[in-house]
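Next comes start-v9.cif, with mmCIF, C-alpha atoms.
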data_coords
loop_
_atom_site.label_atom_id
_atom_site.label_comp_id
_atom_site.auth_asym_id
_atom_site.auth_seq_id
_atom_site.Cartn_x
_atom_site.Cartn_y
_atom_site.Cartn_z
CA MET A 170 -25.84 -9.25 7.39
CA ASP A 171 -23.09 -10.79 5.28
CA ALA A 172 -21.61 -13.29 7.69
CA VAL A 173 -18.00 -14.37 7.33
CA ASN A 174 -17.86 -18.11 6.81
CA ASP A 175 -15.29 -20.50 8.25
CA ALA A 176 -13.24 -20.55 5.06
CA ASP A 177 -13.00 -16.75 5.05
CA ALA A 178 -11.98 -16.72 8.69
CA ALA A 179 -9.29 -19.32 8.08
CA ARG A 180 -7.80 -17.58 5.05
CA PRO A 181 -4.51 -15.87 5.92
CA THR A 182 -4.35 -12.09 5.63
CA GLY A 183 -0.91 -12.24 4.04
CA ASN A 184 -0.15 -13.31 0.52
CA ARG A 185 2.01 -16.06 -0.96
CA LEU A 186 3.73 -13.57 -3.25
CA TYR A 187 5.17 -11.43 -0.48
CA PRO A 188 4.34 -10.77 3.18
CA ARG A 189 1.98 -7.85 3.62
CA VAL A 190 -0.96 -6.61 5.58
CA THR A 191 -4.02 -7.12 3.42
CA SER A 192 -4.89 -4.10 1.29
CA PHE A 193 -8.61 -4.38 1.97
CA ARG A 194 -10.95 -4.53 4.90
CA ALA A 195 -13.82 -6.95 4.28
CA ARG A 196 -16.84 -4.89 5.28
CA ARG A 197 -20.25 -6.13 6.23
CA GLY A 198 -23.45 -4.66 4.92
CA ALA A 199 -27.06 -5.47 4.33
CA ILE A 200 -28.24 -6.88 1.01
CA SER A 201 -31.82 -6.17 0.01
CA PRO A 202 -34.09 -9.14 -0.77
CA THR A 203 -34.26 -8.22 -4.47
CA ARG A 204 -30.47 -8.06 -4.74
CA GLN A 205 -30.16 -11.32 -2.85
CA ASP A 206 -32.57 -12.92 -5.32
CA ALA A 207 -30.49 -11.65 -8.25
CA TRP A 208 -27.35 -12.94 -6.52
CA ASP A 209 -28.86 -16.38 -6.03
CA ARG A 210 -29.88 -16.58 -9.69
CA LEU A 211 -26.77 -15.15 -11.33
CA TRP A 212 -23.74 -15.56 -9.07
CA PRO A 213 -23.22 -19.27 -9.83
CA GLU A 214 -22.87 -18.31 -13.50
CA ILE A 215 -20.98 -15.00 -13.42
CA GLY A 216 -19.25 -15.02 -10.01
CA ARG A 217 -16.53 -16.95 -8.23
CA ASP A 218 -14.35 -16.80 -5.14
CA VAL A 219 -10.58 -17.00 -5.42
CA ALA A 220 -9.12 -20.46 -6.03
CA ASP A 221 -5.76 -22.05 -6.75
CA GLU A 222 -6.81 -23.20 -10.21
CA PRO A 223 -5.98 -21.26 -13.40
CA LEU A 224 -8.76 -19.09 -14.73
CA ASP A 225 -10.11 -20.20 -18.13
CA ALA A 226 -11.70 -16.95 -19.26
CA ASP A 227 -12.72 -18.22 -22.71
CA THR A 228 -14.78 -21.03 -21.18
CA TRP A 229 -16.22 -18.83 -18.43
CA PHE A 230 -17.42 -16.18 -20.89
CA GLY A 231 -18.34 -18.68 -23.57
CA ARG A 232 -16.26 -16.87 -26.17
CA LYS A 233 -12.70 -15.89 -26.98
CA ALA A 234 -12.05 -12.16 -26.51
CA PRO A 235 -9.41 -9.87 -24.99
CA VAL A 236 -9.61 -9.78 -21.19
CA ILE A 237 -9.56 -6.64 -19.03
CA VAL A 238 -9.38 -6.91 -15.24
CA GLU A 239 -10.77 -4.12 -13.06
CA ILE A 240 -9.38 -4.19 -9.53
CA GLY A 241 -11.79 -2.84 -6.94
CA CYS A 242 -14.98 -2.54 -8.97
CA GLY A 243 -17.06 -1.48 -5.95
CA THR A 244 -20.76 -1.22 -6.76
CA GLY A 245 -19.94 -1.45 -10.45
CA THR A 246 -21.29 1.81 -11.88
CA ALA A 247 -18.16 2.36 -13.97
CA THR A 248 -17.78 -1.38 -14.59
CA ALA A 249 -21.19 -1.67 -16.19
CA ALA A 250 -20.70 1.48 -18.26
CA MET A 251 -17.35 0.26 -19.60
CA ALA A 252 -18.67 -3.21 -20.39
CA GLN A 253 -21.57 -1.75 -22.35
CA ALA A 254 -19.30 0.68 -24.20
CA GLU A 255 -16.73 -2.06 -24.95
CA PRO A 256 -18.65 -5.20 -25.95
CA GLN A 257 -15.55 -6.52 -27.72
CA PHE A 258 -13.84 -7.16 -24.36
CA ASN A 259 -14.36 -9.72 -21.61
CA LEU A 260 -14.30 -7.72 -18.37
CA ILE A 261 -13.50 -9.30 -14.99
CA GLY A 262 -14.22 -7.22 -11.90
CA ILE A 263 -12.47 -8.02 -8.62
CA GLU A 264 -14.02 -6.84 -5.34
CA VAL A 265 -14.27 -8.06 -1.74
CA TYR A 266 -17.37 -6.13 -0.63
CA ARG A 267 -20.33 -8.46 -1.18
CA PRO A 268 -23.12 -5.84 -1.00
CA GLY A 269 -21.33 -3.86 -3.71
CA LEU A 270 -21.00 -6.96 -5.85
CA ALA A 271 -24.68 -7.75 -5.27
CA GLN A 272 -25.62 -4.31 -6.56
CA LEU A 273 -23.57 -4.93 -9.69
CA VAL A 274 -25.02 -8.44 -10.15
CA GLN A 275 -28.52 -6.96 -10.02
CA ARG A 276 -27.57 -4.37 -12.66
CA ILE A 277 -26.00 -7.00 -14.90
CA GLU A 278 -29.25 -8.97 -14.80
CA ARG A 279 -31.51 -5.94 -15.21
CA GLU A 280 -29.56 -4.48 -18.16
CA ASN A 281 -28.58 -7.86 -19.65
CA ILE A 282 -24.83 -7.17 -19.74
CA PRO A 283 -23.18 -10.34 -21.08
CA ASN A 284 -19.46 -9.50 -20.89
CA ILE A 285 -18.85 -9.11 -17.14
CA ARG A 286 -17.64 -11.77 -14.72
CA LEU A 287 -16.86 -11.19 -11.04
CA LEU A 288 -14.32 -12.49 -8.55
CA ARG A 289 -14.72 -11.91 -4.83
CA SER A 290 -11.19 -11.78 -3.45
CA ASP A 291 -8.03 -9.84 -2.85
CA ALA A 292 -6.73 -8.85 -6.29
CA VAL A 293 -3.14 -9.88 -5.58
CA ASP A 294 -4.28 -13.39 -4.70
CA VAL A 295 -6.25 -13.59 -7.96
CA LEU A 296 -3.40 -12.29 -10.10
CA GLU A 297 -0.86 -14.55 -8.45
CA ASN A 298 -2.84 -17.79 -8.41
CA MET A 299 -5.47 -17.62 -11.15
CA VAL A 300 -4.18 -15.42 -13.98
CA ALA A 301 -1.56 -16.65 -16.44
CA PRO A 302 1.42 -14.49 -17.37
CA GLY A 303 0.90 -12.43 -20.50
CA SER A 304 -2.84 -13.14 -20.64
CA LEU A 305 -4.43 -9.74 -19.93
CA THR A 306 -5.05 -6.98 -22.44
CA GLY A 307 -5.64 -4.42 -19.71
CA VAL A 308 -5.76 -3.82 -15.96
CA ARG A 309 -7.72 -0.92 -14.49
CA VAL A 310 -7.35 0.35 -10.92
CA PHE A 311 -9.68 3.27 -10.30
CA PHE A 312 -9.55 5.09 -6.96
CA PRO A 313 -7.86 2.47 -4.78
CA ASP A 314 -7.93 3.05 -1.03
CA PRO A 315 -5.12 5.57 -0.36
CA TRP A 316 -4.47 4.48 3.24
CA PRO A 317 -3.36 8.06 3.94
CA LYS A 318 -1.60 7.58 7.28
CA ALA A 319 2.12 6.87 6.88
CA ARG A 320 1.96 3.83 9.16
CA HIS A 321 -0.63 2.30 6.81
CA HIS A 322 1.25 2.85 3.53
CA LYS A 323 2.30 -0.81 3.51
CA ARG A 324 -1.40 -1.63 3.04
CA ARG A 325 -1.67 0.25 -0.24
CA LEU A 326 -2.46 -2.01 -3.15
CA LEU A 327 0.02 -0.47 -5.59
CA GLN A 328 3.29 -1.61 -4.07
CA PRO A 329 6.31 -2.22 -6.34
CA GLU A 330 5.75 -5.99 -6.06
CA THR A 331 2.10 -5.67 -7.10
CA VAL A 332 2.85 -3.44 -10.09
CA LYS A 333 5.51 -5.94 -11.16
CA LEU A 334 2.92 -8.72 -10.88
CA ILE A 335 0.39 -6.74 -12.92
CA ALA A 336 3.01 -6.06 -15.60
CA ASP A 337 3.86 -9.76 -15.73
CA ARG A 338 0.19 -10.65 -16.27
CA LEU A 339 -0.22 -8.11 -19.08
CA MET A 340 0.42 -9.20 -22.64
CA PRO A 341 3.13 -7.28 -24.54
CA GLY A 342 1.53 -3.94 -25.38
CA GLY A 343 -1.13 -4.38 -22.68
CA VAL A 344 -2.25 -1.36 -20.67
CA LEU A 345 -2.33 -0.52 -16.96
CA HIS A 346 -4.68 2.41 -16.24
CA VAL A 347 -4.78 3.90 -12.73
CA ALA A 348 -6.76 6.86 -11.42
CA THR A 349 -6.70 8.54 -8.00
CA ASP A 350 -7.95 11.74 -6.42
CA HIS A 351 -5.50 11.55 -3.49
CA ALA A 352 -2.43 13.75 -4.05
CA ASP A 353 -0.05 11.81 -1.79
CA TYR A 354 -1.06 8.46 -3.27
CA ALA A 355 -0.63 9.94 -6.76
CA GLU A 356 3.01 10.72 -5.95
CA TRP A 357 3.44 7.18 -4.63
CA ILE A 358 1.83 5.65 -7.75
CA ALA A 359 3.98 7.75 -10.09
CA GLU A 360 7.15 6.62 -8.34
CA VAL A 361 6.17 2.95 -8.23
CA GLY A 362 5.11 2.90 -11.89
CA ALA A 363 8.25 4.70 -13.05
CA GLY A 364 10.32 2.11 -11.22
CA GLU A 365 8.83 -0.88 -13.06
CA PRO A 366 11.11 -1.69 -16.04
CA GLN A 367 8.42 -3.65 -17.90
CA LEU A 368 6.27 -0.52 -18.30
CA ILE A 369 6.47 2.60 -20.45
CA GLY A 370 4.45 5.78 -19.97
CA LEU A 371 1.59 6.32 -22.40
CA ASN A 372 0.13 9.59 -21.14
CA GLU A 373 1.49 12.91 -19.94
CA THR A 374 1.34 11.97 -16.24
CA THR A 375 3.62 8.98 -16.87
CA GLY A 376 6.07 10.80 -19.16
CA GLY A 377 4.47 9.88 -22.48
CA ARG A 378 2.07 11.53 -24.92
CA SER A 379 -1.44 10.14 -25.05
CA GLU A 380 -1.83 11.43 -28.61
CA ASP A 381 0.98 9.09 -29.67
CA TRP A 382 -0.64 6.00 -28.20
CA LYS A 383 -4.40 6.23 -27.80
CA GLU A 384 -5.19 5.26 -31.39
CA THR A 385 -3.04 2.12 -31.33
CA ALA A 386 -3.39 0.98 -27.71
CA PRO A 387 -5.42 -2.23 -27.33
CA ILE A 388 -7.88 -0.61 -24.89
CA GLY A 389 -9.34 2.88 -24.72
CA PHE A 390 -8.00 5.57 -22.42
CA GLU A 391 -11.46 6.97 -21.62
CA ARG A 392 -13.03 6.36 -18.22
CA PRO A 393 -16.67 6.91 -17.21
CA ILE A 394 -17.26 9.56 -14.55
CA THR A 395 -19.45 8.32 -11.70
CA LYS A 396 -21.76 10.41 -9.50
CA PHE A 397 -19.36 9.90 -6.61
CA GLU A 398 -16.47 11.25 -8.67
CA ASN A 399 -18.53 14.20 -9.88
CA LYS A 400 -19.24 15.08 -6.26
CA GLY A 401 -15.50 15.09 -5.58
CA LEU A 402 -14.79 17.22 -8.63
CA ARG A 403 -17.36 19.78 -7.50
CA ALA A 404 -15.61 19.84 -4.13
CA GLY A 405 -12.32 20.62 -5.84
CA SER A 406 -10.68 17.18 -5.97
CA ALA A 407 -8.04 16.79 -8.66
CA ILE A 408 -8.09 13.49 -10.55
CA GLN A 409 -4.77 12.14 -11.76
CA GLU A 410 -4.64 9.46 -14.45
CA PHE A 411 -1.68 7.13 -14.96
CA ILE A 412 -1.51 5.02 -18.13
CA TRP A 413 1.34 2.64 -18.78
CA GLY A 414 1.92 0.07 -21.49
CA LYS A 415 3.90 -3.15 -21.23
CA ILE A 416 7.02 -2.94 -23.34
CA GLU A 417 6.90 -5.20 -26.39
CA SER A 418 10.05 -7.28 -26.69
#
Can the structure from this file be put into structure tokens for me?
Amino acid sequence: MDAVNDADAARPTGNRLYPRVTSFRARRGAISPTRQDAWDRLWPEIGRDVADEPLDADTWFGRKAPVIVEIGCGTGTATAAMAQAEPQFNLIGIEVYRPGLAQLVQRIERENIPNIRLLRSDAVDVLENMVAPGSLTGVRVFFPDPWPKARHHKRRLLQPETVKLIADRLMPGGVLHVATDHADYAEWIAEVGAGEPQLIGLNETTGGRSEDWKETAPIGFERPITKFENKGLRAGSAIQEFIWGKIES
């Protein structure tokens, strides 16, 4: 099992940006011996835990390239597909679930994907303490936990303060792309995004026209469809996509 170490246990559940109940639940799960072997070989090179030191992406990747952050990369099926389809970008996945990260690490090694790096942490902590303002070309948040009960809404990742933080970390013209299959959370996301003055809608869901922007936006608007998502679509789930751009001053 993935034991929680003393440092994890001592880390506060709130955040230095604003008081909140943590948006994630650190789950435990078994890691197979082959995935553990891949983790031991590769994690020191491509993975890190959150720290209070600025992230030097150019040095970490060994090249200078636009950086996209994916919040909540899970087991990395979409992450790997996007990295392979977009070799011109440096992609950083943020996730707290170690078995999911181990699955992605194994795939990165097996398929020799050079442009992915991984951070095991709460995304808000990473954005606040490791990412410089105006340094990201894109931020992707695909299917965040909806915390459907009203008493848990404060645990949702996409609070006004978090969207403001994301917008601050985006470069002028940078893109925030969110997807959800939860109708209530979609309404919440639409309201929060519309209330952030640094952002402008780039697709129909956000009040823009994707045809006007997709050719000139710094990242693509396409998103790989995973087996899990296909299962939801067959069951009748409706996927809503939100794409915003940071206003260029």
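Taking atom CA of A:Phe390 as the reference point, atom CA of A:Glu410 is found at 9.5 Å.
Selection by the PyMOL selection byres ((chain A and resi 265) around 6) on the present file picks out Glu264, Tyr266, Arg289 and Ser290 of chain A.
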Matched chain/residue IDs from the PyMOL selection byres ((chain A and resi 373) around 12), as JSON, numbers by chain:
{"A": [359, 369, 370, 371, 372, 374, 375, 376, 377, 378, 379, 380, 381, 382, 383, 409, 410, 411, 412, 413]}
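Distances here use all atoms listed in the file; by that measure, the residue among A:Ala254, A:Val344, A:Val361, A:Leu368 closest to A:Leu305 is A:Val344.
When the PyMOL selection byres ((chain A and resi 332) around 10) is evaluated against the file, it yields Val293, Leu326, Leu327, Gln328, Pro329, Glu330, Thr331, Lys333, Leu334, Ile335, Ala336, Asp337, Arg338, Leu345, Ile358, Val361, Gly362, Gly364, Glu365, Gln367 and Leu368 of chain A.
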Mind checking which residues fall within 10 Å of A:Thr248, counting all atoms listed in the file, ignoring those fewer than 4 positions away in the same chain, and posting them as a PyMOL selection string?
chain A and resi 239+241-244+252-254+260-262+273+277+285+392-393
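Each of A:Ala207, A:Ile388, A:Ile200, A:Ala226 was compared to A:Val274 using all atoms listed in the file, and A:Ala207 turns out to be the nearest.
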Please indicate the distance in Å from atom CA of A:Glu297 to atom CA of A:Met340, rounded to one decimal place.
15.2 Å
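The protein and nucleic acid residues lying at most 10 Å from A:Asp314 are A:Ser192, A:Phe193, A:Gly241, A:Phe311, A:Pro317, A:Arg324, A:Arg325, A:Leu326, A:Leu327, A:Thr349, A:His351, A:Tyr354, with all atoms listed in the file considered and sequence neighbours fewer than 3 positions away removed.
The coordinates place atom CA of A:Gly303 at 4.7 Å from atom CA of A:Leu339.
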Find the residues near stretch 211-224 of chain A: any atom within 12 Å, counting all atoms listed in the file, skip ones fewer than 4 places away on the same chain, and give them as a PDB file with C-alpha atoms, in the coordinates of the input.
ATOM      1  CA  ALA A 176     -13.240 -20.550   5.060  1.00  0.00           C
ATOM      2  CA  ASP A 177     -13.000 -16.750   5.050  1.00  0.00           C
ATOM      3  CA  ARG A 180      -7.800 -17.580   5.050  1.00  0.00           C
ATOM      4  CA  ARG A 185       2.010 -16.060  -0.960  1.00  0.00           C
ATOM      5  CA  ARG A 204     -30.470  -8.060  -4.740  1.00  0.00           C
ATOM      6  CA  GLN A 205     -30.160 -11.320  -2.850  1.00  0.00           C
ATOM      7  CA  ASP A 206     -32.570 -12.920  -5.320  1.00  0.00           C
ATOM      8  CA  ALA A 207     -30.490 -11.650  -8.250  1.00  0.00           C
ATOM      9  CA  THR A 228     -14.780 -21.030 -21.180  1.00  0.00           C
ATOM     10  CA  TRP A 229     -16.220 -18.830 -18.430  1.00  0.00           C
ATOM     11  CA  PHE A 230     -17.420 -16.180 -20.890  1.00  0.00           C
ATOM     12  CA  GLY A 231     -18.340 -18.680 -23.570  1.00  0.00           C
ATOM     13  CA  VAL A 236      -9.610  -9.780 -21.190  1.00  0.00           C
ATOM     14  CA  ASN A 259     -14.360  -9.720 -21.610  1.00  0.00           C
ATOM     15  CA  LEU A 260     -14.300  -7.720 -18.370  1.00  0.00           C
ATOM     16  CA  ILE A 261     -13.500  -9.300 -14.990  1.00  0.00           C
ATOM     17  CA  GLY A 262     -14.220  -7.220 -11.900  1.00  0.00           C
ATOM     18  CA  ILE A 263     -12.470  -8.020  -8.620  1.00  0.00           C
ATOM     19  CA  GLU A 264     -14.020  -6.840  -5.340  1.00  0.00           C
ATOM     20  CA  VAL A 265     -14.270  -8.060  -1.740  1.00  0.00           C
ATOM     21  CA  TYR A 266     -17.370  -6.130  -0.630  1.00  0.00           C
ATOM     22  CA  ARG A 267     -20.330  -8.460  -1.180  1.00  0.00           C
ATOM     23  CA  LEU A 270     -21.000  -6.960  -5.850  1.00  0.00           C
ATOM     24  CA  ALA A 271     -24.680  -7.750  -5.270  1.00  0.00           C
ATOM     25  CA  GLN A 272     -25.620  -4.310  -6.560  1.00  0.00           C
ATOM     26  CA  LEU A 273     -23.570  -4.930  -9.690  1.00  0.00           C
ATOM     27  CA  VAL A 274     -25.020  -8.440 -10.150  1.00  0.00           C
ATOM     28  CA  GLN A 275     -28.520  -6.960 -10.020  1.00  0.00           C
ATOM     29  CA  ARG A 276     -27.570  -4.370 -12.660  1.00  0.00           C
ATOM     30  CA  ILE A 277     -26.000  -7.000 -14.900  1.00  0.00           C
ATOM     31  CA  GLU A 278     -29.250  -8.970 -14.800  1.00  0.00           C
ATOM     32  CA  ARG A 279     -31.510  -5.940 -15.210  1.00  0.00           C
ATOM     33  CA  ASN A 281     -28.580  -7.860 -19.650  1.00  0.00           C
ATOM     34  CA  ILE A 282     -24.830  -7.170 -19.740  1.00  0.00           C
ATOM     35  CA  PRO A 283     -23.180 -10.340 -21.080  1.00  0.00           C
ATOM     36  CA  ASN A 284     -19.460  -9.500 -20.890  1.00  0.00           C
ATOM     37  CA  ILE A 285     -18.850  -9.110 -17.140  1.00  0.00           C
ATOM     38  CA  ARG A 286     -17.640 -11.770 -14.720  1.00  0.00           C
ATOM     39  CA  LEU A 287     -16.860 -11.190 -11.040  1.00  0.00           C
ATOM     40  CA  LEU A 288     -14.320 -12.490  -8.550  1.00  0.00           C
ATOM     41  CA  ARG A 289     -14.720 -11.910  -4.830  1.00  0.00           C
ATOM     42  CA  SER A 290     -11.190 -11.780  -3.450  1.00  0.00           C
ATOM     43  CA  ASP A 291      -8.030  -9.840  -2.850  1.00  0.00           C
ATOM     44  CA  ALA A 292      -6.730  -8.850  -6.290  1.00  0.00           C
ATOM     45  CA  VAL A 293      -3.140  -9.880  -5.580  1.00  0.00           C
ATOM     46  CA  ASP A 294      -4.280 -13.390  -4.700  1.00  0.00           C
ATOM     47  CA  VAL A 295      -6.250 -13.590  -7.960  1.00  0.00           C
ATOM     48  CA  LEU A 296      -3.400 -12.290 -10.100  1.00  0.00           C
ATOM     49  CA  GLU A 297      -0.860 -14.550  -8.450  1.00  0.00           C
ATOM     50  CA  ASN A 298      -2.840 -17.790  -8.410  1.00  0.00           C
ATOM     51  CA  MET A 299      -5.470 -17.620 -11.150  1.00  0.00           C
ATOM     52  CA  VAL A 300      -4.180 -15.420 -13.980  1.00  0.00           C
ATOM     53  CA  ALA A 301      -1.560 -16.650 -16.440  1.00  0.00           C
ATOM     54  CA  PRO A 302       1.420 -14.490 -17.370  1.00  0.00           C
ATOM     55  CA  SER A 304      -2.840 -13.140 -20.640  1.00  0.00           C
ATOM     56  CA  LEU A 305      -4.430  -9.740 -19.930  1.00  0.00           C
TER      57      LEU A 305
END
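Distances to A:Ser201 were evaluated for A:Glu255, A:Thr385, A:Pro268, A:Asp227 using all atoms listed in the file, and the minimum falls at A:Pro268.
Nearest-residue note for A:Gly405: choosing from A:Glu391, A:Glu280, A:Asp225, A:Asp350, the minimum distance belongs to A:Asp350, counting only C-alpha atoms.
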Nearest to A:Ala319, restricted to all atoms listed in the file and choosing among A:Asp353, A:Val347, A:Lys400, A:Ala386, comes out as A:Asp353
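Residues within 12 Å of A:Gly401, counting only C-alpha atoms and excluding same-chain residues fewer than 5 positions away, are Phe312, Thr349, Asp350, His351, Ile394, Thr395, Lys396, Ser406, Ala407 and Ile408 of chain A.
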